[in-house]
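Coordinates as given in final_4.cif (mmCIF, C-alpha atoms):
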data_run
#
loop_
_atom_site.label_atom_id
_atom_site.label_comp_id
_atom_site.auth_asym_id
_atom_site.auth_seq_id
_atom_site.Cartn_x
_atom_site.Cartn_y
_atom_site.Cartn_z
CA MET A 279 37.47 113.24 46.46
CA SER A 280 34.70 113.56 43.86
CA ASP A 281 31.17 113.99 45.14
CA LYS A 282 30.20 111.55 42.37
CA PRO A 283 32.69 108.70 42.91
CA ILE A 284 30.89 106.06 40.81
CA THR A 285 30.26 108.43 37.91
CA SER A 286 33.82 109.75 38.00
CA PHE A 287 35.30 106.25 38.15
CA ILE A 288 33.25 105.05 35.18
CA GLU A 289 34.08 108.15 33.13
CA LYS A 290 37.82 107.76 33.81
CA HIS A 291 38.27 103.99 33.61
CA PHE A 292 35.44 102.53 31.51
CA LEU A 293 36.64 103.64 28.08
CA HIS A 294 37.18 100.46 26.07
CA PHE A 295 35.72 97.06 25.28
CA ASN A 296 32.97 95.76 27.59
CA SER A 297 33.44 98.55 30.13
CA ALA A 298 32.85 101.10 27.35
CA ALA A 299 29.58 99.35 26.50
CA LEU A 300 28.52 99.81 30.14
CA HIS A 301 29.51 103.49 29.99
CA ASP A 302 27.68 104.06 26.71
CA ALA A 303 24.54 102.29 27.95
CA ALA A 304 24.52 104.39 31.12
CA LYS A 305 24.93 107.64 29.17
CA GLY A 306 22.20 106.51 26.77
CA TYR A 307 19.86 105.78 29.68
CA LYS A 308 20.38 109.30 31.08
CA GLN A 309 19.90 110.92 27.67
CA HIS A 310 16.71 108.91 27.16
CA LEU A 311 15.20 110.22 30.39
CA GLU A 312 16.45 113.76 29.80
CA SER A 313 14.64 113.79 26.47
CA GLY A 314 11.37 113.24 28.33
CA LYS A 315 10.88 109.55 27.48
CA LYS A 316 10.01 106.77 29.92
CA MET A 317 11.86 103.55 30.78
CA LEU A 318 10.89 99.95 31.47
CA ILE A 319 13.27 97.79 33.49
CA SER A 320 13.01 93.99 33.32
CA LEU A 321 14.43 91.84 36.12
CA ALA A 322 15.38 88.23 35.47
CA GLY A 323 17.11 85.70 37.66
CA ALA A 324 17.47 86.34 41.38
CA MET A 325 18.41 90.01 41.30
CA SER A 326 16.45 90.72 44.48
CA THR A 327 18.44 88.12 46.40
CA GLY A 328 21.52 89.80 44.92
CA GLU A 329 20.26 92.94 46.77
CA LEU A 330 19.64 95.06 43.71
CA GLY A 331 17.03 96.77 45.87
CA ILE A 332 19.72 99.02 47.36
CA SER A 333 20.12 100.85 44.05
CA LEU A 334 16.83 100.04 42.31
CA SER A 335 14.77 101.47 45.17
CA GLU A 336 16.44 104.84 44.66
CA MET A 337 15.89 104.61 40.89
CA ILE A 338 12.18 104.18 41.64
CA ARG A 339 12.04 107.00 44.17
CA GLN A 340 13.78 109.39 41.77
CA ASP A 341 11.45 108.44 38.90
CA LYS A 342 14.24 106.91 36.79
CA VAL A 343 12.01 103.95 35.92
CA GLN A 344 8.31 104.12 35.13
CA ILE A 345 7.34 100.44 34.87
CA ILE A 346 8.94 97.13 35.86
CA SER A 347 8.63 93.64 34.40
CA CYS A 348 9.97 90.95 36.70
CA THR A 349 9.79 87.30 37.55
CA GLY A 350 7.65 86.18 40.44
CA ALA A 351 10.87 85.19 42.21
CA ASN A 352 12.19 88.77 42.15
CA LEU A 353 8.84 90.05 43.40
CA GLU A 354 8.81 87.83 46.47
CA GLU A 355 12.55 87.61 47.13
CA ASP A 356 12.83 91.34 47.76
CA ILE A 357 10.21 90.95 50.50
CA MET A 358 11.92 87.81 51.82
CA ASN A 359 15.17 89.75 52.12
CA LEU A 360 13.23 92.47 53.95
CA VAL A 361 11.83 90.15 56.61
CA ALA A 362 14.46 87.41 56.96
CA HIS A 363 17.81 88.99 56.13
CA SER A 364 19.62 87.90 59.29
CA HIS A 365 18.61 84.28 58.69
CA TYR A 366 20.16 84.09 55.22
CA LYS A 367 23.28 81.95 54.99
CA ARG A 368 26.10 82.72 52.58
CA ILE A 369 28.18 79.84 51.22
CA PRO A 370 31.26 81.24 49.45
CA ASN A 371 32.49 77.74 48.52
CA TYR A 372 29.18 76.68 46.94
CA ARG A 373 30.99 75.26 43.89
CA ASP A 374 32.61 72.64 46.11
CA LEU A 375 29.41 71.30 47.68
CA THR A 376 28.67 67.60 47.28
CA PRO A 377 25.14 66.35 46.57
CA GLU A 378 25.02 65.15 50.17
CA GLN A 379 25.85 68.64 51.45
CA GLU A 380 23.18 70.10 49.19
CA ARG A 381 20.66 67.70 50.74
CA GLU A 382 21.80 68.80 54.20
CA LEU A 383 20.91 72.37 53.29
CA LEU A 384 17.45 71.24 52.19
CA ASP A 385 16.97 69.35 55.46
CA GLN A 386 17.91 72.54 57.34
CA GLY A 387 15.25 74.50 55.40
CA LEU A 388 17.85 76.42 53.40
CA ASN A 389 17.14 76.88 49.69
CA ARG A 390 20.32 77.85 47.82
CA VAL A 391 20.56 80.57 45.16
CA THR A 392 24.20 80.39 44.01
CA ASP A 393 26.15 81.45 47.14
CA THR A 394 23.14 82.50 49.22
CA CYS A 395 20.63 80.30 51.06
CA ILE A 396 17.11 81.61 51.66
CA PRO A 397 15.63 80.33 54.95
CA GLU A 398 12.31 78.60 54.34
CA GLU A 399 10.63 79.18 57.71
CA GLU A 400 11.64 82.80 58.21
CA ALA A 401 11.15 83.83 54.56
CA PHE A 402 8.68 81.69 52.61
CA ARG A 403 6.40 80.65 55.47
CA ARG A 404 6.48 84.05 57.16
CA ILE A 405 5.09 85.65 54.02
CA GLN A 406 2.73 82.75 53.31
CA GLN A 407 0.82 82.98 56.59
CA HIS A 408 -0.10 86.60 55.88
CA ILE A 409 -0.56 86.64 52.09
CA VAL A 410 -3.00 83.72 52.26
CA LYS A 411 -5.29 85.83 54.45
CA ILE A 412 -5.20 88.61 51.85
CA TRP A 413 -5.91 86.18 48.99
CA LYS A 414 -8.87 84.64 50.83
CA ASP A 415 -10.26 88.02 51.88
CA ALA A 416 -10.22 89.21 48.26
CA GLU A 417 -11.94 86.05 47.09
CA ALA A 418 -14.62 86.37 49.76
CA LYS A 419 -15.35 89.88 48.46
CA GLY A 420 -15.37 88.73 44.84
CA GLU A 421 -12.29 90.82 44.08
CA ARG A 422 -9.45 89.96 41.69
CA TYR A 423 -5.94 91.42 41.60
CA PHE A 424 -2.60 90.97 39.90
CA PRO A 425 0.22 89.22 41.82
CA HIS A 426 2.11 92.48 42.39
CA GLU A 427 -1.07 94.18 43.63
CA PHE A 428 -1.51 91.48 46.27
CA MET A 429 2.10 92.08 47.35
CA TYR A 430 1.43 95.82 47.54
CA LYS A 431 -1.55 95.04 49.77
CA LEU A 432 0.64 92.85 51.98
CA LEU A 433 3.21 95.61 52.41
CA ASP A 434 0.48 98.20 53.02
CA SER A 435 -1.25 96.04 55.62
CA GLY A 436 1.57 96.45 58.15
CA MET A 437 1.52 92.70 58.84
CA LEU A 438 5.24 92.42 58.07
CA ASP A 439 6.45 95.59 59.79
CA GLU A 440 7.53 93.77 62.97
CA TYR A 441 9.78 91.48 60.91
CA HIS A 442 11.79 94.14 59.05
CA GLU A 443 15.48 93.25 59.18
CA ILE A 444 16.88 95.71 56.66
CA ASP A 445 16.34 99.42 56.23
CA PRO A 446 13.00 99.63 54.34
CA LYS A 447 14.52 102.22 52.00
CA ASN A 448 16.60 99.38 50.51
CA SER A 449 13.51 97.39 49.52
CA TRP A 450 12.60 98.12 45.91
CA MET A 451 9.16 96.60 46.46
CA ILE A 452 8.40 99.12 49.21
CA ALA A 453 9.59 101.92 46.92
CA ALA A 454 7.40 100.53 44.11
CA LYS A 455 4.40 100.19 46.42
CA ASP A 456 4.81 103.75 47.68
CA ARG A 457 4.66 105.04 44.10
CA ASN A 458 2.05 102.47 43.02
CA LEU A 459 4.51 101.69 40.24
CA PRO A 460 3.00 99.85 37.25
CA MET A 461 4.33 96.31 36.99
CA VAL A 462 3.95 93.12 35.01
CA VAL A 463 4.95 89.74 36.47
CA PRO A 464 4.74 87.16 33.66
CA GLY A 465 4.83 83.50 34.63
CA TRP A 466 4.17 84.33 38.29
CA GLU A 467 2.91 80.80 38.91
CA ASP A 468 6.50 79.61 38.50
CA SER A 469 7.45 81.38 41.77
CA THR A 470 7.28 80.04 45.33
CA MET A 471 4.21 82.13 46.13
CA GLY A 472 2.72 81.03 42.81
CA ASN A 473 3.27 77.41 43.79
CA ILE A 474 1.69 78.06 47.18
CA PHE A 475 -1.34 79.76 45.59
CA ALA A 476 -1.71 76.78 43.23
CA SER A 477 -1.60 74.39 46.20
CA TYR A 478 -4.55 76.18 47.80
CA CYS A 479 -6.42 75.91 44.49
CA VAL A 480 -5.72 72.16 44.38
CA LYS A 481 -7.10 71.87 47.93
CA GLY A 482 -10.20 73.80 46.88
CA GLU A 483 -9.51 76.66 49.31
CA LEU A 484 -8.94 79.26 46.58
CA ASN A 485 -10.17 79.79 43.05
CA PRO A 486 -7.55 80.40 40.32
CA ARG A 487 -9.69 83.24 39.04
CA THR A 488 -8.87 85.33 42.13
CA MET A 489 -5.40 85.90 40.68
CA LYS A 490 -5.37 87.88 37.45
CA SER A 491 -3.61 86.10 34.60
CA GLY A 492 -0.70 86.60 32.23
CA ILE A 493 -3.05 87.46 29.38
CA GLU A 494 -4.53 90.19 31.55
CA TYR A 495 -0.98 91.43 32.26
CA MET A 496 -0.38 91.66 28.50
CA THR A 497 -3.56 93.64 27.89
CA TYR A 498 -2.69 95.87 30.87
CA LEU A 499 0.77 96.49 29.39
CA ALA A 500 -0.71 97.21 25.96
CA ASP A 501 -2.97 99.88 27.43
CA TRP A 502 -0.07 101.34 29.44
CA TYR A 503 2.19 101.50 26.40
CA LEU A 504 -0.43 103.27 24.31
CA GLU A 505 -1.02 105.80 27.08
CA ASN A 506 2.67 106.50 27.74
CA ALA A 507 4.65 105.97 24.54
CA GLY A 508 3.57 109.15 22.78
CA THR A 509 5.29 109.42 19.40
CA GLU A 510 8.77 108.60 20.74
CA GLY A 511 8.33 105.21 22.39
CA ILE A 512 9.45 103.72 25.71
CA GLY A 513 12.97 102.62 26.66
CA PHE A 514 13.75 98.99 27.49
CA PHE A 515 16.47 98.15 30.02
CA GLN A 516 16.78 94.37 30.27
CA ILE A 517 18.65 92.67 33.10
CA GLY A 518 19.28 89.08 32.05
CA GLY A 519 17.04 87.10 29.71
CA GLY A 520 14.00 84.90 30.07
CA ILE A 521 10.34 85.71 30.43
CA ALA A 522 10.85 88.98 32.33
CA GLY A 523 12.27 90.49 29.14
CA ASP A 524 10.66 88.30 26.48
CA PHE A 525 7.10 89.01 27.65
CA PRO A 526 7.02 92.82 27.72
CA ILE A 527 9.12 93.46 24.60
CA CYS A 528 6.49 91.61 22.54
CA VAL A 529 3.79 94.16 23.33
CA VAL A 530 5.00 96.50 20.57
CA PRO A 531 4.81 94.00 17.68
CA MET A 532 1.45 92.84 19.07
CA LEU A 533 0.09 96.38 18.93
CA TYR A 534 1.66 97.09 15.55
CA GLN A 535 1.05 93.80 13.73
CA ASP A 536 -1.88 92.08 15.45
CA LEU A 537 -3.94 95.13 16.37
CA GLU A 538 -2.76 97.01 13.25
CA LYS A 539 -1.95 100.16 15.19
CA THR A 540 0.75 101.09 12.70
CA ASP A 541 1.43 104.47 14.29
CA VAL A 542 2.66 102.84 17.52
CA PRO A 543 6.36 103.69 18.04
CA PHE A 544 8.93 100.92 18.54
CA TRP A 545 10.94 100.70 21.75
CA SER A 546 13.16 103.78 21.67
CA TYR A 547 16.18 102.58 23.71
CA PHE A 548 17.39 99.06 24.31
CA CYS A 549 20.05 97.69 26.63
CA GLN A 550 20.56 94.12 27.73
CA ILE A 551 22.98 92.96 30.39
CA SER A 552 23.81 89.36 29.64
CA ASP A 553 26.65 86.89 30.07
CA SER A 554 25.14 84.57 27.47
CA THR A 555 26.93 84.18 24.17
CA THR A 556 24.98 84.09 20.92
CA SER A 557 24.17 80.45 20.18
CA TYR A 558 21.35 78.25 18.92
CA GLY A 559 18.36 78.62 21.21
CA SER A 560 19.97 81.29 23.35
CA TYR A 561 17.49 84.14 23.64
CA SER A 562 19.76 85.94 26.09
CA GLY A 563 22.42 86.05 23.43
CA ALA A 564 20.14 87.31 20.64
CA VAL A 565 21.69 90.52 19.37
CA PRO A 566 19.52 93.68 19.25
CA ASN A 567 19.57 93.89 15.45
CA GLU A 568 17.67 90.60 15.32
CA LYS A 569 14.85 92.34 17.19
CA ILE A 570 14.42 94.73 14.26
CA THR A 571 13.11 91.83 12.19
CA TRP A 572 10.44 91.19 14.84
CA GLY A 573 9.18 94.76 14.92
CA LYS A 574 10.49 95.45 18.42
CA LEU A 575 13.32 97.90 17.69
CA ASP A 576 13.84 100.32 14.82
CA ILE A 577 16.90 101.05 12.70
CA ASP A 578 17.95 104.08 14.72
CA THR A 579 17.02 102.79 18.21
CA PRO A 580 20.04 103.18 20.54
CA LYS A 581 21.14 99.60 21.23
CA PHE A 582 23.59 98.31 23.83
CA ILE A 583 24.75 94.91 25.03
CA VAL A 584 26.87 94.64 28.15
CA GLU A 585 28.28 91.13 28.30
CA SER A 586 28.89 90.70 31.99
CA ASP A 587 27.40 89.76 35.35
CA ALA A 588 24.23 91.77 35.98
CA THR A 589 24.86 91.85 39.74
CA ILE A 590 27.97 93.92 38.99
CA VAL A 591 26.79 95.93 35.98
CA ALA A 592 23.25 96.98 36.97
CA PRO A 593 24.19 98.77 40.23
CA LEU A 594 26.99 100.62 38.40
CA ILE A 595 24.67 101.80 35.64
CA PHE A 596 22.01 102.78 38.18
CA GLY A 597 24.66 104.65 40.15
CA TYR A 598 25.67 106.55 37.03
CA VAL A 599 22.06 107.39 36.16
CA LEU A 600 21.50 108.58 39.74
CA GLY A 601 24.62 110.75 39.67
CA TRP A 602 26.39 108.84 42.46
#
Kindly transcribe the structure held in the file into structure tokens.
Amino acid sequence: MSDKPITSFIEKHFLHFNSAALHDAAKGYKQHLESGKKMLISLAGAMSTGELGISLSEMIRQDKVQIISCTGANLEEDIMNLVAHSHYKRIPNYRDLTPEQERELLDQGLNRVTDTCIPEEEAFRRIQQHIVKIWKDAEAKGERYFPHEFMYKLLDSGMLDEYHEIDPKNSWMIAAKDRNLPMVVPGWEDSTMGNIFASYCVKGELNPRTMKSGIEYMTYLADWYLENAGTEGIGFFQIGGGIAGDFPICVVPMLYQDLEKTDVPFWSYFCQISDSTTSYGSYSGAVPNEKITWGKLDIDTPKFIVESDATIVAPLIFGYVLGW
């Protein structure tokens, strides 16, 4: 048996059509890193609840990704999975649920993400009781942090250690915290923890200013890109669509067009995993060549689209990049 079963399987079987696109994207990712360039990964949807942390955490530890852009949901859901895994409920027949059965799940404190229900008390509230203390302590000291920095502080505090229900090595947030991995979390206020933070602001118990904003994330990313792109540019590996990908990819045209830094290199690798077909209003289905017209990608940028389910494709590509 091969000591690289995933790599060997992909190289033998993934030779045509959509599987070949996966193979090509994975090879391109490896070549990008081997040439000394860096990679951004963007996480849309509920990839943390889909347990991408099992493979992504190793990508982080092995320095196969240098910065992450993700939704607030992915940020918190990795930690929820860490502390409440045994309380999750899987519903394989979720497509057959009636509205009344959906309401029953709500009444039981189970919030459904496709076939998986996240337990409110053991996940959301368990994190809330500790993160609120960290928010209020920062405000009392006149300190301000980004959403991901507050989560790093929570993980570093040890407050959640007694609740760990999975091997911590499978938490990508712990891996990111250990490396102090740069991160941007656009639209964080759309997440559960973002909603909770907003509720404390409404009650007058917290000031919105304590949480650094999306504009500050963009300026942070601009500085990071300038410091790390060199003359070759950064790679862009996009899982799904939405703000997690839309936000960071715009930093290059902003630097080039709005700040008139015309020597800034475009993104130097681009791959998007998407099951969205190209249609009116469908950003997820926008083909890479369209991004050339927006000053995001160049003519010779390696470009890949894998039209499939990211929960299947991303771990396979990560496995290939890791030499599994």
**Message:** Can you translate the PyMOL selection byres ((chain A and resi 528-542) around 7) into the concrete residues it hits in this file, as an MDAnalysis selection string?
**Reply:** chainID A and resid 500 524:527 543:544 572:574
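Comparing the minimum interatomic distances between Val584 of chain A and each of A:Trp413, A:Phe402, A:Phe548, A:Tyr430, counting only C-alpha atoms, we find that A:Phe548 sits nearest.
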**Asked** Pick from A:Glu510, A:Asp439, A:Asp356, A:Glu467: nearest to Ala401 of chain A, with all atoms listed in the file counted?
**Response** A:Asp356
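Distance check against Ile405 of chain A using all atoms listed in the file: of A:Thr579, A:Thr571, A:Ala362, A:Thr327, the minimum falls on A:Ala362.
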**Fill in**
Shortest contact to Arg339 of chain A, candidates A:Trp466, A:Trp602, A:Phe287, A:Trp450, atoms counted only C-alpha atoms, goes to A:Trp450
**Asked** Is there a way to get, as a list in words, all residues within 10 Å of the point (8.0, 89.4, 43.0) in file coordinates, counting only C-alpha atoms?
**Response** Leu321, Ser326, Ser347, Cys348, Thr349, Gly350, Ala351, Asn352, Leu353, Glu354, Glu355, Asp356, Ile357, Met358, Pro425, His426, Met429, Met451, Met461, Val462, Val463, Trp466, Ser469, Thr470, Met471 and Gly472 of chain A
